[in-house]
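Asks: Take this structure, written in structure tokens, and hold onto it; I'll ask about it next.
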Amino acid sequence: MSEGSERESAFVIVTGMSGAGRSTAAKALEDLGWFVIDNLPPGLLFAMAEEAGRVKLAADKVAAVVDVRSLAFTTDLNAAIEELDGRGVAVRVVFLEASDEELVRRFENVRRPHPLQGDGRLVDGIARERGILRDVRANADLVIDTSNLNVHELRGKIVAFFGGEDRPGLRVNVVSFGFKYGLPVDADLVVDCRFLPNPHWVPELRPMNGLDAPVREYVLEQAGAKELLDAYEEVVGIISAGYAREGKGYATLAVGCTGGKHRSVAMAEQIGARLRDRGGMDVQVSHRDVGRE
């Protein structure tokens, strides 16, 4: 896609797995003053964009929530995006994701079937939907994993990404995590800090985490820590420039160590601080697995 600054208007499509929080995201956007239509068939996206332009709605505050119930969903959505793109409408796709286990739990809690399970089981419907959405997810501008988020936390993420019109450049979420709990599925880039000595094996540091000064100082003084920060800052600078050229407005940078408590937390905070100092980015830092042990 071309840069948004060269376009006449912008349009956000919210999609993703059933049960992953599309309705919560839609409500959060509405509360931020967005014009949102829920459950819109992909074939009507251009008509909605045209109508929004006709009534002079704010070009960067129009969104549609679409789901997978149409058997031709992927073909229809790709065709709609191509049509919008060809008519000068910069399309941004937000994809909501969650683990199979969490989706099963959510559907069981509300005692509702999955829209695609038919006569099969919940897991059959989830697997079918995941297959249909594979290419959509791969091409999304922003992927949000809601597996470990409650509705308030998901709303907070939507507000962080879409709440400010005067925020500069790329919106970056730096998240620390523990490899033993799995990779964040919404990560665009991953950095591995496990080559650094682990404060877990230093008795006085073990109860602390990477937000504590003694742990931070211990991690940053290790051989390779500064070099990694320098290199990663440079890489992100190059990638962010490329994202800007391609019109991608959001990125998640995942920083991992074994348990997500010491090294990754300290390094994520440093990466976030460096990117803020670099300028041209709106940077948020979060720590997925602190307190999980």
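Just remember, in the structure tokens the first chain shown is A, the second B, etc., residues are 1-based per chain, and ligands are 1-based in the order shown.
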When DSSP is applied to the backbone of this structure, which of range 26-264 of chain A are assigned strand (DSSP E or B)? Write them out as a PyMOL selection string.
Replies: chain A and resi 35-37+62-65+89-97+142-145+170-178+189-192+250-257
Asks: Within 12 Å of Arg288 in chain A, counting only C-alpha atoms, which residues show up once you throw out same-chain ones fewer than 2 positions away? Write them as a CSV table (one decimal) with N, CA, C and O atoms, in the first residue's frame, please.
Replies:
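And here's around-v5.csv as it stands now:
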```csv
chain,number,residue,atom,x,y,z
A,145,ASP,N,-3.0,-10.0,20.1
A,145,ASP,CA,-3.3,-11.3,20.8
A,145,ASP,C,-4.1,-11.0,22.1
A,145,ASP,O,-3.6,-10.3,23.0
A,146,THR,N,-5.3,-11.4,22.2
A,146,THR,CA,-6.2,-11.2,23.4
A,146,THR,C,-6.2,-12.3,24.3
A,146,THR,O,-7.0,-12.3,25.3
A,147,SER,N,-5.4,-13.3,24.1
A,147,SER,CA,-5.5,-14.6,25.0
A,147,SER,C,-5.4,-14.2,26.5
A,147,SER,O,-6.1,-14.8,27.3
A,148,ASN,N,-4.5,-13.3,26.8
A,148,ASN,CA,-4.3,-13.0,28.2
A,148,ASN,C,-4.8,-11.6,28.6
A,148,ASN,O,-4.4,-11.0,29.6
A,149,LEU,N,-5.8,-11.1,27.8
A,149,LEU,CA,-6.3,-9.8,28.0
A,149,LEU,C,-7.8,-9.9,28.5
A,149,LEU,O,-8.5,-10.6,27.9
A,153,GLU,N,-8.4,-4.5,29.4
A,153,GLU,CA,-7.0,-4.4,28.8
A,153,GLU,C,-7.1,-4.3,27.3
A,153,GLU,O,-6.2,-3.6,26.7
A,173,ASN,N,4.7,-1.0,20.2
A,173,ASN,CA,4.5,-1.7,21.5
A,173,ASN,C,5.6,-2.6,21.8
A,173,ASN,O,5.8,-3.6,21.0
A,174,VAL,N,6.5,-2.3,22.7
A,174,VAL,CA,7.6,-3.2,23.1
A,174,VAL,C,7.1,-4.0,24.3
A,174,VAL,O,6.7,-3.5,25.3
A,175,VAL,N,7.1,-5.3,24.1
A,175,VAL,CA,6.6,-6.2,25.2
A,175,VAL,C,7.6,-7.2,25.6
A,175,VAL,O,8.2,-7.9,24.7
A,176,SER,N,7.9,-7.4,26.9
A,176,SER,CA,8.8,-8.4,27.3
A,176,SER,C,8.0,-9.7,27.6
A,176,SER,O,6.8,-9.6,27.8
A,177,PHE,N,8.7,-10.8,27.5
A,177,PHE,CA,8.0,-12.1,27.6
A,177,PHE,C,9.0,-13.2,28.0
A,177,PHE,O,10.2,-13.0,27.9
A,178,GLY,N,8.4,-14.3,28.5
A,178,GLY,CA,9.2,-15.5,28.8
A,178,GLY,C,9.1,-16.6,27.8
A,178,GLY,O,7.9,-16.9,27.4
A,179,PHE,N,10.2,-17.1,27.2
A,179,PHE,CA,10.1,-18.1,26.2
A,179,PHE,C,9.3,-19.3,26.7
A,179,PHE,O,8.7,-20.0,26.0
A,181,TYR,N,6.8,-19.5,28.4
A,181,TYR,CA,5.3,-19.3,28.3
A,181,TYR,C,4.9,-19.1,26.8
A,181,TYR,O,3.7,-18.9,26.6
A,182,GLY,N,5.8,-19.2,25.9
A,182,GLY,CA,5.4,-19.1,24.5
A,182,GLY,C,5.7,-17.7,23.9
A,182,GLY,O,5.6,-16.7,24.6
A,183,LEU,N,5.9,-17.6,22.6
A,183,LEU,CA,6.1,-16.4,21.9
A,183,LEU,C,4.8,-15.6,21.8
A,183,LEU,O,3.7,-16.2,21.7
A,184,PRO,N,4.8,-14.3,22.0
A,184,PRO,CA,3.6,-13.5,21.7
A,184,PRO,C,3.2,-13.6,20.2
A,184,PRO,O,4.1,-13.4,19.3
A,254,ALA,N,8.8,-7.8,20.4
A,254,ALA,CA,8.8,-8.8,21.6
A,254,ALA,C,10.3,-9.0,22.0
A,254,ALA,O,11.1,-9.3,21.2
A,255,VAL,N,10.5,-8.9,23.3
A,255,VAL,CA,11.9,-9.0,23.9
A,255,VAL,C,11.8,-10.2,24.9
A,255,VAL,O,11.1,-10.1,25.9
A,256,GLY,N,12.5,-11.3,24.7
A,256,GLY,CA,12.3,-12.5,25.5
A,256,GLY,C,13.5,-12.9,26.2
A,256,GLY,O,14.7,-12.7,25.8
A,257,CYS,N,13.3,-13.5,27.4
A,257,CYS,CA,14.3,-14.3,28.1
A,257,CYS,C,13.6,-15.6,28.6
A,257,CYS,O,12.5,-15.9,28.2
A,259,GLY,N,12.2,-16.6,31.6
A,259,GLY,CA,10.9,-16.5,32.3
A,259,GLY,C,10.2,-15.2,32.2
A,259,GLY,O,9.1,-15.0,32.7
A,260,GLY,N,10.8,-14.2,31.5
A,260,GLY,CA,10.2,-12.9,31.2
A,260,GLY,C,10.1,-12.1,32.5
A,260,GLY,O,9.2,-11.2,32.6
A,261,LYS,N,11.1,-12.2,33.4
A,261,LYS,CA,11.1,-11.5,34.6
A,261,LYS,C,12.3,-10.6,34.8
A,261,LYS,O,12.1,-9.4,35.3
A,264,SER,N,14.7,-9.8,30.0
A,264,SER,CA,13.8,-9.2,29.0
A,264,SER,C,13.1,-7.9,29.4
A,264,SER,O,12.9,-7.0,28.6
A,265,VAL,N,12.8,-7.9,30.7
A,265,VAL,CA,12.1,-6.7,31.2
A,265,VAL,C,13.1,-5.5,31.2
A,265,VAL,O,12.8,-4.4,30.7
A,268,ALA,N,13.8,-4.6,27.5
A,268,ALA,CA,12.6,-3.9,26.9
A,268,ALA,C,12.5,-2.5,27.3
A,268,ALA,O,12.2,-1.6,26.5
A,285,VAL,N,5.6,0.5,26.5
A,285,VAL,CA,6.3,-0.7,26.9
A,285,VAL,C,5.4,-1.5,27.9
A,285,VAL,O,4.8,-0.9,28.8
A,286,SER,N,5.3,-2.8,27.8
A,286,SER,CA,4.5,-3.6,28.7
A,286,SER,C,5.3,-4.9,28.9
A,286,SER,O,6.2,-5.3,28.2
A,290,VAL,N,5.7,-10.7,33.9
A,290,VAL,CA,6.2,-10.3,35.2
A,290,VAL,C,5.1,-10.7,36.2
A,290,VAL,O,3.9,-10.5,36.1
A,291,GLY,N,5.5,-11.4,37.3
A,291,GLY,CA,4.6,-11.8,38.3
A,291,GLY,C,3.9,-13.2,38.0
A,291,GLY,O,3.1,-13.6,38.8
A,292,ARG,N,4.3,-13.8,36.9
A,292,ARG,CA,3.7,-15.0,36.5
A,292,ARG,C,4.2,-16.3,37.3
A,292,ARG,O,3.5,-17.3,37.5
A,293,GLU,N,5.5,-16.1,37.7
A,293,GLU,CA,6.1,-17.3,38.4
A,293,GLU,C,5.5,-17.4,39.8
A,293,GLU,O,5.1,-16.5,40.5
```
Asks: For Ser99 in chain A, find every residue with an atom within 10 Å (counting only C-alpha atoms), except residues of its own chain fewer than 2 positions away, and show them as a list in words.
Replies: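 In the requested format, the answer is Met17, Ala20, Glu97, Glu101, Glu102, Leu103, Val104, Arg105, Ile126, Asp145, Thr146, Ser147, Asn148 and Val185 of chain A.
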Asks: Output the selection as a PDB file, in the first residue's frame - C-alpha atoms for each residue.
Replies:
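Produced file again-v8.pdb, reproduced below:
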```pdb
ATOM      1  CA  MET A  17     -11.049 -14.937  15.206  1.00  0.00           C
ATOM      2  CA  ALA A  20     -11.174 -12.826  20.156  1.00  0.00           C
ATOM      3  CA  GLU A  97      -6.145 -13.272  17.715  1.00  0.00           C
ATOM      4  CA  GLU A 101      -7.658 -22.988  24.430  1.00  0.00           C
ATOM      5  CA  GLU A 102      -8.792 -19.481  25.298  1.00  0.00           C
ATOM      6  CA  LEU A 103     -11.348 -19.363  22.486  1.00  0.00           C
ATOM      7  CA  VAL A 104     -12.838 -22.689  23.628  1.00  0.00           C
ATOM      8  CA  ARG A 105     -13.070 -21.359  27.178  1.00  0.00           C
ATOM      9  CA  ILE A 126     -11.973 -22.759  15.366  1.00  0.00           C
ATOM     10  CA  ASP A 145      -3.333 -11.280  20.799  1.00  0.00           C
ATOM     11  CA  THR A 146      -6.158 -11.152  23.352  1.00  0.00           C
ATOM     12  CA  SER A 147      -5.476 -14.555  24.976  1.00  0.00           C
ATOM     13  CA  ASN A 148      -4.306 -12.974  28.229  1.00  0.00           C
ATOM     14  CA  VAL A 185       1.633 -14.357  18.597  1.00  0.00           C
TER      15      VAL A 185
END
```
Asks: As a compact mmCIF listing (two decimals) with N, CA, C and O atoms, in the first residue's frame, please: all residues of range 74-232 of chain A that backbone DSSP puts in alpha helix (DSSP H).
Replies:
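Output below, filename selection-v7.txt:
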```
# COMPACT_ATOMS: atom_id res chain seq x y z
N THR A 74 -12.40 -14.62 2.36
CA THR A 74 -11.07 -14.17 1.98
C THR A 74 -11.08 -13.53 0.60
O THR A 74 -10.52 -12.45 0.40
N THR A 75 -11.73 -14.16 -0.37
CA THR A 75 -11.80 -13.60 -1.72
C THR A 75 -12.52 -12.27 -1.71
O THR A 75 -12.07 -11.29 -2.31
N ASP A 76 -13.66 -12.21 -1.02
CA ASP A 76 -14.43 -10.97 -0.95
C ASP A 76 -13.64 -9.85 -0.29
O ASP A 76 -13.66 -8.70 -0.75
N LEU A 77 -12.96 -10.16 0.83
CA LEU A 77 -12.22 -9.14 1.55
C LEU A 77 -11.05 -8.63 0.73
O LEU A 77 -10.82 -7.42 0.64
N ASN A 78 -10.30 -9.54 0.11
CA ASN A 78 -9.18 -9.11 -0.73
C ASN A 78 -9.65 -8.24 -1.88
O ASN A 78 -9.03 -7.23 -2.21
N ALA A 79 -10.77 -8.62 -2.50
CA ALA A 79 -11.31 -7.83 -3.61
C ALA A 79 -11.75 -6.45 -3.13
O ALA A 79 -11.52 -5.44 -3.80
N ALA A 80 -12.37 -6.40 -1.95
CA ALA A 80 -12.83 -5.12 -1.40
C ALA A 80 -11.66 -4.21 -1.08
O ALA A 80 -11.69 -3.00 -1.35
N ILE A 81 -10.60 -4.78 -0.51
CA ILE A 81 -9.41 -3.98 -0.18
C ILE A 81 -8.76 -3.46 -1.45
O ILE A 81 -8.34 -2.30 -1.52
N GLU A 82 -8.67 -4.30 -2.48
CA GLU A 82 -8.10 -3.86 -3.75
C GLU A 82 -8.92 -2.73 -4.36
O GLU A 82 -8.37 -1.76 -4.91
N GLU A 83 -10.26 -2.83 -4.26
CA GLU A 83 -11.11 -1.78 -4.81
C GLU A 83 -10.92 -0.47 -4.05
O GLU A 83 -10.78 0.60 -4.66
N LEU A 84 -10.90 -0.56 -2.72
CA LEU A 84 -10.68 0.64 -1.91
C LEU A 84 -9.32 1.25 -2.22
O LEU A 84 -9.19 2.47 -2.37
N ASP A 85 -8.30 0.40 -2.29
CA ASP A 85 -6.95 0.87 -2.55
C ASP A 85 -6.88 1.55 -3.92
O ASP A 85 -6.25 2.61 -4.07
N GLY A 86 -7.55 0.96 -4.90
CA GLY A 86 -7.53 1.53 -6.24
C GLY A 86 -8.28 2.84 -6.34
O GLY A 86 -8.02 3.62 -7.26
N ASP A 100 -6.30 -21.27 20.80
CA ASP A 100 -7.43 -22.20 20.70
C ASP A 100 -8.04 -22.46 22.08
O ASP A 100 -9.27 -22.48 22.24
N GLU A 101 -7.17 -22.68 23.08
CA GLU A 101 -7.66 -22.99 24.43
C GLU A 101 -8.51 -21.86 25.00
O GLU A 101 -9.56 -22.09 25.60
N GLU A 102 -8.06 -20.62 24.78
CA GLU A 102 -8.79 -19.48 25.30
C GLU A 102 -10.11 -19.29 24.55
O GLU A 102 -11.14 -18.96 25.15
N LEU A 103 -10.11 -19.50 23.25
CA LEU A 103 -11.35 -19.36 22.49
C LEU A 103 -12.37 -20.41 22.92
O LEU A 103 -13.56 -20.10 23.05
N VAL A 104 -11.93 -21.65 23.13
CA VAL A 104 -12.84 -22.69 23.63
C VAL A 104 -13.43 -22.28 24.97
O VAL A 104 -14.64 -22.40 25.20
N ARG A 105 -12.59 -21.77 25.86
CA ARG A 105 -13.07 -21.36 27.18
C ARG A 105 -14.12 -20.25 27.06
O ARG A 105 -15.15 -20.28 27.73
N ARG A 106 -13.89 -19.29 26.18
CA ARG A 106 -14.82 -18.17 26.03
C ARG A 106 -16.17 -18.64 25.46
O ARG A 106 -17.23 -18.21 25.93
N PHE A 107 -16.12 -19.49 24.45
CA PHE A 107 -17.37 -19.99 23.88
C PHE A 107 -18.13 -20.84 24.90
O PHE A 107 -19.37 -20.77 24.98
N GLU A 108 -17.42 -21.64 25.67
CA GLU A 108 -18.09 -22.47 26.68
C GLU A 108 -18.71 -21.62 27.78
O GLU A 108 -19.78 -21.94 28.30
N ASN A 109 -18.04 -20.52 28.12
CA ASN A 109 -18.57 -19.64 29.17
C ASN A 109 -19.90 -19.01 28.77
O ASN A 109 -20.78 -18.80 29.61
N VAL A 110 -20.04 -18.66 27.49
CA VAL A 110 -21.29 -18.02 27.04
C VAL A 110 -22.27 -19.05 26.47
O VAL A 110 -23.36 -18.70 26.05
N LEU A 122 -16.46 -27.51 18.91
CA LEU A 122 -15.93 -26.15 18.94
C LEU A 122 -14.57 -26.07 18.26
O LEU A 122 -14.31 -25.16 17.46
N VAL A 123 -13.70 -27.04 18.59
CA VAL A 123 -12.35 -26.98 18.04
C VAL A 123 -12.35 -27.14 16.52
O VAL A 123 -11.46 -26.63 15.84
N ASP A 124 -13.34 -27.81 15.98
CA ASP A 124 -13.44 -27.96 14.52
C ASP A 124 -13.76 -26.60 13.88
O ASP A 124 -13.18 -26.25 12.85
N GLY A 125 -14.70 -25.87 14.48
CA GLY A 125 -15.03 -24.55 13.96
C GLY A 125 -13.86 -23.59 14.05
O GLY A 125 -13.60 -22.81 13.12
N ILE A 126 -13.14 -23.64 15.17
CA ILE A 126 -11.97 -22.76 15.37
C ILE A 126 -10.90 -23.08 14.34
O ILE A 126 -10.31 -22.18 13.72
N ALA A 127 -10.64 -24.36 14.12
CA ALA A 127 -9.62 -24.77 13.15
C ALA A 127 -10.01 -24.33 11.74
O ALA A 127 -9.17 -23.84 10.96
N ARG A 128 -11.28 -24.48 11.40
CA ARG A 128 -11.74 -24.07 10.08
C ARG A 128 -11.58 -22.56 9.88
O ARG A 128 -11.11 -22.10 8.84
N GLU A 129 -11.98 -21.81 10.90
CA GLU A 129 -11.86 -20.36 10.81
C GLU A 129 -10.40 -19.93 10.71
O GLU A 129 -10.05 -19.04 9.93
N ARG A 130 -9.52 -20.55 11.49
CA ARG A 130 -8.11 -20.19 11.47
C ARG A 130 -7.51 -20.43 10.08
O ARG A 130 -6.68 -19.65 9.61
N GLY A 131 -7.94 -21.51 9.44
CA GLY A 131 -7.47 -21.78 8.09
C GLY A 131 -7.93 -20.73 7.09
O GLY A 131 -7.16 -20.27 6.24
N ILE A 132 -9.20 -20.33 7.18
CA ILE A 132 -9.74 -19.33 6.26
C ILE A 132 -9.04 -17.99 6.44
O ILE A 132 -8.79 -17.25 5.48
N LEU A 133 -8.70 -17.67 7.70
CA LEU A 133 -8.14 -16.36 8.02
C LEU A 133 -6.62 -16.29 7.91
O LEU A 133 -6.04 -15.22 8.15
N ARG A 134 -5.97 -17.39 7.55
CA ARG A 134 -4.50 -17.42 7.58
C ARG A 134 -3.88 -16.29 6.76
O ARG A 134 -3.00 -15.57 7.23
N ASP A 135 -4.33 -16.11 5.53
CA ASP A 135 -3.74 -15.07 4.68
C ASP A 135 -4.11 -13.67 5.15
O ASP A 135 -3.30 -12.74 5.04
N VAL A 136 -5.33 -13.52 5.68
CA VAL A 136 -5.74 -12.21 6.19
C VAL A 136 -4.85 -11.80 7.35
O VAL A 136 -4.38 -10.66 7.44
N ARG A 137 -4.60 -12.75 8.26
CA ARG A 137 -3.73 -12.47 9.41
C ARG A 137 -2.32 -12.11 8.96
O ARG A 137 -1.68 -11.19 9.48
N ALA A 138 -1.80 -12.86 7.98
CA ALA A 138 -0.44 -12.64 7.51
C ALA A 138 -0.26 -11.25 6.92
O ALA A 138 0.83 -10.67 7.00
N VAL A 151 -11.44 -7.54 28.98
CA VAL A 151 -12.05 -6.54 28.09
C VAL A 151 -11.47 -5.15 28.34
O VAL A 151 -11.33 -4.36 27.41
N HIS A 152 -11.13 -4.87 29.59
CA HIS A 152 -10.59 -3.55 29.91
C HIS A 152 -9.18 -3.39 29.33
O HIS A 152 -8.82 -2.32 28.84
N GLU A 153 -8.39 -4.46 29.38
CA GLU A 153 -7.03 -4.40 28.84
C GLU A 153 -7.06 -4.30 27.31
O GLU A 153 -6.25 -3.59 26.72
N LEU A 154 -7.99 -5.02 26.67
CA LEU A 154 -8.12 -4.90 25.22
C LEU A 154 -8.55 -3.49 24.84
O LEU A 154 -8.00 -2.89 23.90
N ARG A 155 -9.50 -2.96 25.58
CA ARG A 155 -9.92 -1.58 25.32
C ARG A 155 -8.72 -0.63 25.45
O ARG A 155 -8.56 0.28 24.64
N GLY A 156 -7.89 -0.86 26.47
CA GLY A 156 -6.71 -0.02 26.66
C GLY A 156 -5.77 -0.07 25.47
O GLY A 156 -5.19 0.96 25.08
N LYS A 157 -5.62 -1.25 24.88
CA LYS A 157 -4.76 -1.38 23.71
C LYS A 157 -5.33 -0.61 22.52
O LYS A 157 -4.60 0.06 21.78
N ILE A 158 -6.65 -0.72 22.33
CA ILE A 158 -7.29 0.01 21.23
C ILE A 158 -7.12 1.51 21.42
O ILE A 158 -6.80 2.25 20.48
N VAL A 159 -7.32 1.97 22.65
CA VAL A 159 -7.15 3.39 22.94
C VAL A 159 -5.71 3.82 22.69
O VAL A 159 -5.44 4.88 22.12
N ALA A 160 -4.75 2.95 23.09
CA ALA A 160 -3.34 3.28 22.89
C ALA A 160 -3.00 3.41 21.42
O ALA A 160 -2.23 4.29 21.01
N PHE A 161 -3.56 2.54 20.58
CA PHE A 161 -3.25 2.56 19.16
C PHE A 161 -4.03 3.62 18.39
O PHE A 161 -3.51 4.21 17.44
N PHE A 162 -5.28 3.89 18.80
CA PHE A 162 -6.16 4.74 17.98
C PHE A 162 -6.65 6.00 18.69
O PHE A 162 -7.35 6.79 18.08
N ALA A 213 16.33 -1.41 40.03
CA ALA A 213 17.63 -0.88 39.62
C ALA A 213 18.76 -1.90 39.71
O ALA A 213 19.60 -1.97 38.79
N PRO A 214 18.88 -2.69 40.79
CA PRO A 214 19.99 -3.65 40.85
C PRO A 214 19.97 -4.66 39.70
O PRO A 214 21.03 -5.01 39.16
N VAL A 215 18.78 -5.13 39.31
CA VAL A 215 18.67 -6.07 38.18
C VAL A 215 19.02 -5.35 36.88
O VAL A 215 19.77 -5.88 36.04
N ARG A 216 18.47 -4.17 36.68
CA ARG A 216 18.76 -3.40 35.47
C ARG A 216 20.26 -3.18 35.30
O ARG A 216 20.82 -3.41 34.22
N GLU A 217 20.92 -2.75 36.39
CA GLU A 217 22.36 -2.50 36.31
C GLU A 217 23.14 -3.78 36.03
O GLU A 217 24.10 -3.77 35.24
N TYR A 218 22.74 -4.88 36.65
CA TYR A 218 23.40 -6.17 36.43
C TYR A 218 23.29 -6.58 34.96
O TYR A 218 24.28 -7.00 34.35
N VAL A 219 22.09 -6.47 34.40
CA VAL A 219 21.87 -6.89 33.01
C VAL A 219 22.65 -6.01 32.04
O VAL A 219 23.32 -6.50 31.13
N LEU A 220 22.58 -4.70 32.24
CA LEU A 220 23.18 -3.78 31.28
C LEU A 220 24.70 -3.79 31.30
O LEU A 220 25.33 -3.39 30.31
N ALA A 225 25.33 -6.69 26.06
CA ALA A 225 24.05 -6.02 26.29
C ALA A 225 23.98 -4.70 25.52
O ALA A 225 23.00 -4.44 24.80
N LYS A 226 25.01 -3.86 25.67
CA LYS A 226 25.00 -2.57 24.98
C LYS A 226 25.04 -2.77 23.47
O LYS A 226 24.34 -2.07 22.72
N GLU A 227 25.83 -3.74 23.02
CA GLU A 227 25.93 -4.00 21.59
C GLU A 227 24.57 -4.43 21.02
O GLU A 227 24.19 -4.03 19.91
N LEU A 228 23.84 -5.26 21.78
CA LEU A 228 22.51 -5.67 21.32
C LEU A 228 21.57 -4.48 21.23
O LEU A 228 20.83 -4.33 20.25
N LEU A 229 21.59 -3.62 22.24
CA LEU A 229 20.73 -2.44 22.23
C LEU A 229 21.06 -1.53 21.05
O LEU A 229 20.15 -1.03 20.37
N ASP A 230 22.36 -1.31 20.82
CA ASP A 230 22.76 -0.47 19.69
C ASP A 230 22.28 -1.04 18.37
O ASP A 230 21.71 -0.33 17.52
N ALA A 231 22.51 -2.35 18.19
CA ALA A 231 22.14 -2.99 16.93
C ALA A 231 20.64 -3.02 16.74
O ALA A 231 20.13 -2.76 15.64
N TYR A 232 19.90 -3.31 17.80
CA TYR A 232 18.45 -3.42 17.69
C TYR A 232 17.83 -2.05 17.42
O TYR A 232 16.89 -1.94 16.62
```
Asks: For each of A:Arg112, A:Arg22, A:Arg276, A:His200, take the minimum atom-to-atom distance to Arg171 in chain A, counting only C-alpha atoms, then give the residue where this is smallest.
Replies: A:Arg276
